[in-house]
Amino acid sequence: MLGIWLALYPETVGPGDPRYPLGGGIISEMRKHYFLDNYCIIAAERRKRPSDFVVAKPASAGTSTCPFCPGHEGRTPPAVAVYKGGETFSDGEADRIKDWDIRVIPNLFAAAVPSPTPPTVQWIALPGFGYHEVMVDFRDHFATAADFSLEHMELLLKVYRDRYVHYRYMTGINYVSIFKNRGLESGATLEHSHSQVVALPIIPPIMKQEISAIADASFCLYCNVTDREMASERLITRNGSWILISPFYSQSPYEMWILPRTHLSNLEDLSQEQMKDLAALLRDALMRMKTLLDDPPFNYIFYQLPYDYHINVRIQPAVTKIAGLEKSTGVYIVPVPPEEAASELRQA
Ligand SMILES: [Zn+2]
Ligand SMILES: [Zn+2]
């Protein structure tokens, strides 16, 4: 693959030359996604260490203005679900439940709403039908998900599953996205730990691509990835039900994927033991990332479908910029080879 890049710039510059494209980085490899027609560029610069990716933390806005902090329940819309002491409740319009473990509230700035106004433009525009909720997933304003106890991570996954099940059977909803943004660079606008669920009327293009690739194959492509990566240098760790890898095709340095070792489409399909194991591995992954990259901003996203899919969780530290190259080509630059990232994450 190196040859292609050399061939593009034959007379003037080569890898290692300061005039080499992309800021003089050494393009060691252009990698294709396991089964999609997506590409990333591994631009390995050996001098880059995890500390080079540490993002400066903005000054805390504090708890007094935070609508998610305990005691401020009245500053949000009523919670549709409140998890407290092993039971589930919902807020009344006027009386808000205190001493909660996790609150699920409608997003005040929803990207999709249940009763949208019809679109007026001529091009294809769907009304923004859908649901957008925020889960205030911990009481302590300053904690990050890596600080959650195993028990609390299990509760959070139960909430994810409950919200997924709530929306997956709803008429007009065709996709449910569950994710967490942490830190300004990840897109989070509030410091207090939270997750989000968005239920959409469409299947997003990225999932359509996957569905079509999986339909074309005669076997589960993710089962195949799991089997192969289980014995690869990109394996970080595993437990009874799941593996944690640095994926061969990555979109950010130190990206991690969690894959089940058996074929499971979504959270609803998981047994109690598989839920416990997922909580343990997600927590483990977040702790490794926090240690190695000094508590970076990050996103994690649950990819799942009702049927014929292989659920996976992708954790991406938000430590590089998504800029012109990524926006114009969909090709991501990854300055640390996943094999090196896996080795560092194994030791973290
Ligand atoms: Zn807060
Ligand atoms: Zn599978």
# chains A, B, ... in the order shown; residues from 1 in each chain; ligands from 1
$ residues_near_ligand --ligand "ligand 1" --cutoff "10 Å" --atoms "only C-alpha atoms and all ligand atoms" --output "count of residues only"
24
$ residues_near_ligand --ligand "ligand 2" --cutoff "6 Å" --atoms "only C-alpha atoms and all ligand atoms" --output "list in words"
Cys220, Tyr222, Cys223, His263 and His310 of chain A
$ closest_residue --among "A:Asp52, A:Asp147, A:Glu185, A:Glu93" --to "A:Leu292" --atoms "only C-alpha atoms"
A:Asp52
$ select_by_dssp --residues "stretch 86-184 of chain A" --states "strand (DSSP E or B)" --output "VMD selection string"
chain A and resid 87 to 89 102 to 106 113 129 131 to 136 175 to 182
$ closest_atom_pairs --of "stretch 41-77 of chain A" --to "stretch 177-184 of chain A" --cutoff "12 Å" --atoms "only C-alpha atoms" --output "JSON lines"
{"residue": "A:Val55", "atom": "CA", "partner": "A:Gly183", "partner_atom": "CA", "distance": 9.8}
{"residue": "A:Ala56", "atom": "CA", "partner": "A:Gly183", "partner_atom": "CA", "distance": 10.5}
{"residue": "A:Lys57", "atom": "CA", "partner": "A:Gly183", "partner_atom": "CA", "distance": 8.3}
{"residue": "A:Pro58", "atom": "CA", "partner": "A:Leu184", "partner_atom": "CA", "distance": 8.3}
{"residue": "A:Ala59", "atom": "CA", "partner": "A:Leu184", "partner_atom": "CA", "distance": 11.2}
{"residue": "A:Ser60", "atom": "CA", "partner": "A:Gly183", "partner_atom": "CA", "distance": 10.8}
{"residue": "A:Ala61", "atom": "CA", "partner": "A:Leu184", "partner_atom": "CA", "distance": 12.0}
$ atom_distance --atom1 "atom CA of A:Ala81" --atom2 "atom CA of A:Ile105"
7.2 Å
$ closest_residue --among "A:Val225, A:Ala112, A:Ile243, A:Leu278" --to "A:Glu151" --atoms "only C-alpha atoms"
A:Leu278
$ select_by_dssp --residues "stretch 53-164 of chain A" --states "alpha helix (DSSP H)" --output "list of chain:residue names"
A:Leu150, A:Glu151, A:His152, A:Met153, A:Glu154, A:Leu155, A:Leu156, A:Leu157, A:Lys158, A:Val159, A:Tyr160, A:Arg161, A:Asp162, A:Arg163, A:Tyr164
$ closest_residue --among "A:Glu87, A:Ala348, A:Val80, A:Glu229" --to "A:Arg163" --atoms "only C-alpha atoms"
A:Val80
